[in-house]
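Q: One structure follows; several queries about it will come next.
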Amino acid sequence: MGKITKSLLALALLFGVVGGAKAQTETDLKDLEAANGTTEAWVASIPATYPIDVKDVTIFGSDASSQTTNANVNKYDYIYFEVTNFATAHPVRIFFWDPTANARKDWYIKPVEGKESVSDWSASSNVTGNGTYCVKIPTGARLQGAKGPWTSSATDVAYFQFSKMYVIEPTDPLAVPKANLQIVIDLGNAQNSFAKTAASFQVLTDAITAAQAEILKSSPETDETKLSNAGTAITDAINGFVYQDGYTKLTKGMANNNVDYVLNASTGLPYGTSGVDMNTYAELNEFDQFIVLTSAGKPRYCMNRKTSSGQIGADLASSEMIDINPNNSNTWATEKYQTIDENKFTLDIKAIAADWDGLARLNCIKGANYSNVTVTDMLLYRTIAVGDAKFATFGSLYKNAKLNGVTAYAAKYSAGKVTLTEVTNVPAGKGVVVEAAAAGSYAPTFDVAADGIDTDLQVSNGTVEGDGTIYVLANGTNGVGFYKLADGVKVPAGKAYLVIPASARDFIGFADEATGISTSLMNNGKVNNEVFNLKGQRVSQPTKGLYIVNGKKVVIK
């Protein structure tokens, strides 16, 4: 697995959702410790006495879009505001500084009743009367300021007044870091299912077990540093393991137009483009599955958009886009293409490609039904399917690969024949012939150092069609070799093919085995006494000459 740029614990601090707790001690905002700048500057930013008039001006602190003086509120859950002398309905924005994202976050105060059920604190809402209001504190963020929105000029009359502004210390002072650590544990458990080796699996399992023990300790027996260290241990364990064979990460290089599917954003907006752009996508069709892991929320996939305004229809025939939304479980696309296992969401890419002319293009990922979703990993899975003939072709458009359990050959065309040379690792964009001892599915290992191979085989992206110059590997009437593909027939994504423009031949066989060919490709590994000439053509009435019988050279005199 590649190096994670942010620790999972830092992500939890940024995106974790922690519930409120029973009140212990109320602390006025003036008494908060300044997290940046000076405490004196923070205190001076708040009006000296209550009540405070709420107008379209800065109420306290700052609304700057860069880091300024702000207060440390990490150990609290909510900020409370007592509203009195209500006159006019009006919203109030609370500004938080997110030091991890280096950006300001704007949230709105809402009635304290039902605060646990609020799903989007960034949605504007009015203060509608006297009473207690609150705002959720984004985990890991700092309190920067408050302001009536939209204008900067003061009104002559206050909309209402704040008679008190305060925070409440949670019952367990470590409730927030414990909840954040639990998020990291959940992410570790999800990642562990993809660990390749028993050793790396055990390292991560041990780290998770130790972290759970820290959470269960009573407050005097642990502290925030120990909880943070436990999260770091999980992160380090994940950094140290290797994916199982066949798994690789979705990366920026797989998408066109320089689009990037950046992980760990808590948003209802797309991962990928800012809209469902039909011309901006990641091509997934050479893979078998697309797996998305989340720490919060459900992903909604927008794929294969055919027109700029294409939408999903009542059925496949009427659809100009695939919209896979797990909150709409009765839609045909969701039922057919997706499986859900807690926070693991898997798309059947082969099924999508089969229905959509060989294409599976990911335009973007949104939060299901426009709710927020935090995607922690995007994985692709692929195997090499080898049939009874025990041969196939393989190519990866984006990732270097090592082929496990099979033999790979580079292929060179010359003078009407194909010469095969055995290779180990296969560079991205290069095609090879694959030979297996038995039919089955074989998983490659991705993200390896590639060999510099010399092959004429190209890799299809699913759109390559027969045009009189395309040859594909098959076991046809002339035996195993390359056959001219019929016009209009597509080469499946991830399969390799030859382009031979000047040839009028329908079949191209292999060169003599001394040049590197495995003779089992001639007879599919079967002991059947069938006779082939050196071009790979089956011969029913051999005359004098050199032939291949059951994989061996035989001279008939």
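If you're wondering about the labels, chains in the structure tokens are A, B, ... by order shown, residues count from 1 in each chain, ligands from 1 in order shown.
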Based on DSSP run over this structure's backbone, return all residues of segment 359-442 of chain A in strand (DSSP E), as a PyMOL selection string.

A: chain A and resi 361-367+373-381+384-386+391-395+401-402+407-414+417-423+425-426+431-435+440-442

Q: Could you build a table of the residues in segment 159-207 of chain A lying no more than 12 Å from segment 364-384 of chain A, giving for each the nearest pair of atoms and their separation in Å rounded to one decimal place, using only C-alpha atoms, ordered by chain and ascending residue number, as JSON lines?

A:
{"residue": "A:Ile183", "atom": "CA", "partner": "A:Thr376", "partner_atom": "CA", "distance": 11.1}
{"residue": "A:Val184", "atom": "CA", "partner": "A:Thr376", "partner_atom": "CA", "distance": 10.5}
{"residue": "A:Asp186", "atom": "CA", "partner": "A:Thr376", "partner_atom": "CA", "distance": 10.9}
{"residue": "A:Leu187", "atom": "CA", "partner": "A:Thr376", "partner_atom": "CA", "distance": 7.7}
{"residue": "A:Gly188", "atom": "CA", "partner": "A:Thr376", "partner_atom": "CA", "distance": 10.5}
{"residue": "A:Ala190", "atom": "CA", "partner": "A:Asp377", "partner_atom": "CA", "distance": 9.7}
{"residue": "A:Gln191", "atom": "CA", "partner": "A:Asp377", "partner_atom": "CA", "distance": 8.7}
{"residue": "A:Phe194", "atom": "CA", "partner": "A:Leu379", "partner_atom": "CA", "distance": 9.7}

Q: Write down as a list in words the residues belonging to segment 304-407 of chain A that are assigned helix (DSSP H, G or I) by DSSP computed on the backbone.

A: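 Here are the helix (DSSP H, G or I) residues of segment 304-407 of chain A: Leu316, Ala317, Ser318, Trp332, Ala333, Thr334, Glu335, Lys336, Tyr337, Ile349, Lys350, Ala351, Ile352, Ala353, Ala354, Asp355, Ala368, Asn369 and Tyr370 of chain A.
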
Q: Keeping N, CA and C atoms for every residue in the selection just given, could you write it to a file as a JSON list (two decimals), in the first residue's frame?

A:
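Wrote it out as selection05.json, contents follow:
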[["chain", "number", "residue", "atom", "x", "y", "z"],
["A", 316, "LEU", "N", -32.37, -0.22, -18.42],
["A", 316, "LEU", "CA", -31.10, -0.04, -19.11],
["A", 316, "LEU", "C", -31.29, 0.61, -20.47],
["A", 317, "ALA", "N", -32.29, 0.18, -21.20],
["A", 317, "ALA", "CA", -32.48, 0.66, -22.57],
["A", 317, "ALA", "C", -32.74, 2.16, -22.63],
["A", 318, "SER", "N", -33.37, 2.72, -21.61],
["A", 318, "SER", "CA", -33.73, 4.14, -21.62],
["A", 318, "SER", "C", -32.74, 5.02, -20.88],
["A", 332, "TRP", "N", -32.87, -0.20, -10.69],
["A", 332, "TRP", "CA", -32.30, -1.37, -11.37],
["A", 332, "TRP", "C", -30.77, -1.35, -11.33],
["A", 333, "ALA", "N", -30.15, -0.17, -11.44],
["A", 333, "ALA", "CA", -28.69, -0.11, -11.48],
["A", 333, "ALA", "C", -28.08, -0.52, -10.15],
["A", 334, "THR", "N", -28.68, -0.06, -9.05],
["A", 334, "THR", "CA", -28.15, -0.38, -7.73],
["A", 334, "THR", "C", -28.27, -1.87, -7.45],
["A", 335, "GLU", "N", -29.42, -2.43, -7.77],
["A", 335, "GLU", "CA", -29.64, -3.85, -7.51],
["A", 335, "GLU", "C", -28.70, -4.72, -8.33],
["A", 336, "LYS", "N", -28.46, -4.34, -9.57],
["A", 336, "LYS", "CA", -27.72, -5.21, -10.48],
["A", 336, "LYS", "C", -26.22, -5.13, -10.29],
["A", 337, "TYR", "N", -25.70, -3.95, -9.98],
["A", 337, "TYR", "CA", -24.26, -3.75, -10.07],
["A", 337, "TYR", "C", -23.55, -3.62, -8.72],
["A", 349, "ILE", "N", -17.74, -4.42, -12.09],
["A", 349, "ILE", "CA", -17.33, -3.70, -13.29],
["A", 349, "ILE", "C", -17.57, -4.53, -14.54],
["A", 350, "LYS", "N", -17.35, -5.84, -14.44],
["A", 350, "LYS", "CA", -17.56, -6.69, -15.62],
["A", 350, "LYS", "C", -19.02, -6.66, -16.06],
["A", 351, "ALA", "N", -19.93, -6.64, -15.11],
["A", 351, "ALA", "CA", -21.35, -6.59, -15.46],
["A", 351, "ALA", "C", -21.70, -5.26, -16.11],
["A", 352, "ILE", "N", -21.13, -4.17, -15.59],
["A", 352, "ILE", "CA", -21.38, -2.86, -16.19],
["A", 352, "ILE", "C", -20.84, -2.81, -17.61],
["A", 353, "ALA", "N", -19.60, -3.27, -17.80],
["A", 353, "ALA", "CA", -18.98, -3.24, -19.13],
["A", 353, "ALA", "C", -19.75, -4.11, -20.12],
["A", 354, "ALA", "N", -20.26, -5.25, -19.64],
["A", 354, "ALA", "CA", -21.01, -6.15, -20.52],
["A", 354, "ALA", "C", -22.28, -5.49, -21.02],
["A", 355, "ASP", "N", -22.91, -4.67, -20.18],
["A", 355, "ASP", "CA", -24.17, -4.02, -20.55],
["A", 355, "ASP", "C", -23.97, -2.73, -21.34],
["A", 368, "ALA", "N", -24.63, 9.73, -1.11],
["A", 368, "ALA", "CA", -25.94, 9.20, -1.48],
["A", 368, "ALA", "C", -27.03, 10.19, -1.09],
["A", 369, "ASN", "N", -27.92, 10.47, -2.06],
["A", 369, "ASN", "CA", -29.02, 11.41, -1.82],
["A", 369, "ASN", "C", -28.52, 12.74, -1.27],
["A", 370, "TYR", "N", -27.33, 13.14, -1.74],
["A", 370, "TYR", "CA", -26.75, 14.45, -1.44],
["A", 370, "TYR", "C", -26.30, 14.60, 0.02]]

Q: Given the choices A:Ile234, A:Val531, A:Glu40, A:Lys147, which gets closest to Ile185 of chain A if the distance is worked out from only C-alpha atoms?

A: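 Closest to Ile185 of chain A, using only C-alpha atoms: A:Ile234.
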
Q: Which residues come within 12 Å of Gly466 of chain A, counting only C-alpha atoms, excluding same-chain residues fewer than 5 positions away, as an MDAnalysis selection string?

A: chainID A and resid 460 471:472 483:492 497:501

Q: Between A:Ile137, A:Ala493, A:Ala41, A:Ala198, which is the closest to Val242 of chain A once you count only C-alpha atoms?

A: A:Ala198

Q: Kindly indicate which residue among A:Asn404, A:Thr222, A:Ser163, A:Ser193 lies nearest to Phe81 of chain A, using only C-alpha atoms for the distances.

A: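 Looking at the shortest contact to Phe81 of chain A, the residue is A:Ser163.
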
Q: Would you kindly return, as a count of residues only, each protein, DNA or RNA residue with an atom no farther than 10 Å from any atom of segment 84-94 of chain A, considering only C-alpha atoms and excluding same-chain residues fewer than 2 positions away?

A: 54

Q: In terms of the shortest atom-to-atom distance over only C-alpha atoms, which of A:Asp451, A:Asp206, A:Asp506, A:Glu320 is closest to Ile470 of chain A?

A: A:Asp506

Q: Which residue out of A:Asn257, A:Asn328, A:Thr419, A:Gln289 has the minimum interatomic distance to Ala360 of chain A when only C-alpha atoms are used?

A: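 Using only C-alpha atoms, Ala360 of chain A sits closest to A:Gln289.
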
Q: Between atom CA of Lys178 of chain A and atom CA of Thr27 of chain A, what is the distance, to one decimal in Å?

A: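 One can read the atom CA of Lys178 of chain A to atom CA of Thr27 of chain A distance as 22.0 Å.
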
Q: How many Å lie between atom CA of Gly481 of chain A and atom CA of Phe510 of chain A, rounded to one decimal?

A: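 Value for the atom CA of Gly481 of chain A-atom CA of Phe510 of chain A distance: 6.6 Å.
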
Q: When you look at segment 275-285 of chain A with a cut-off of 9 Å (counting only C-alpha atoms), what residues show up, excluding the ones that are within fewer than 6 positions of it in the same chain? I need them as a ChimeraX atom specification.

A: /A:250-259,269,302-310,349-350,352-353,358-364,380,461-462,492-494

Q: Check the smallest atom-to-atom distance from each of A:Lys30, A:Lys430, A:Asp467, A:Asp77 to Thr171 of chain A using only C-alpha atoms, then report the winner.

A: A:Asp77
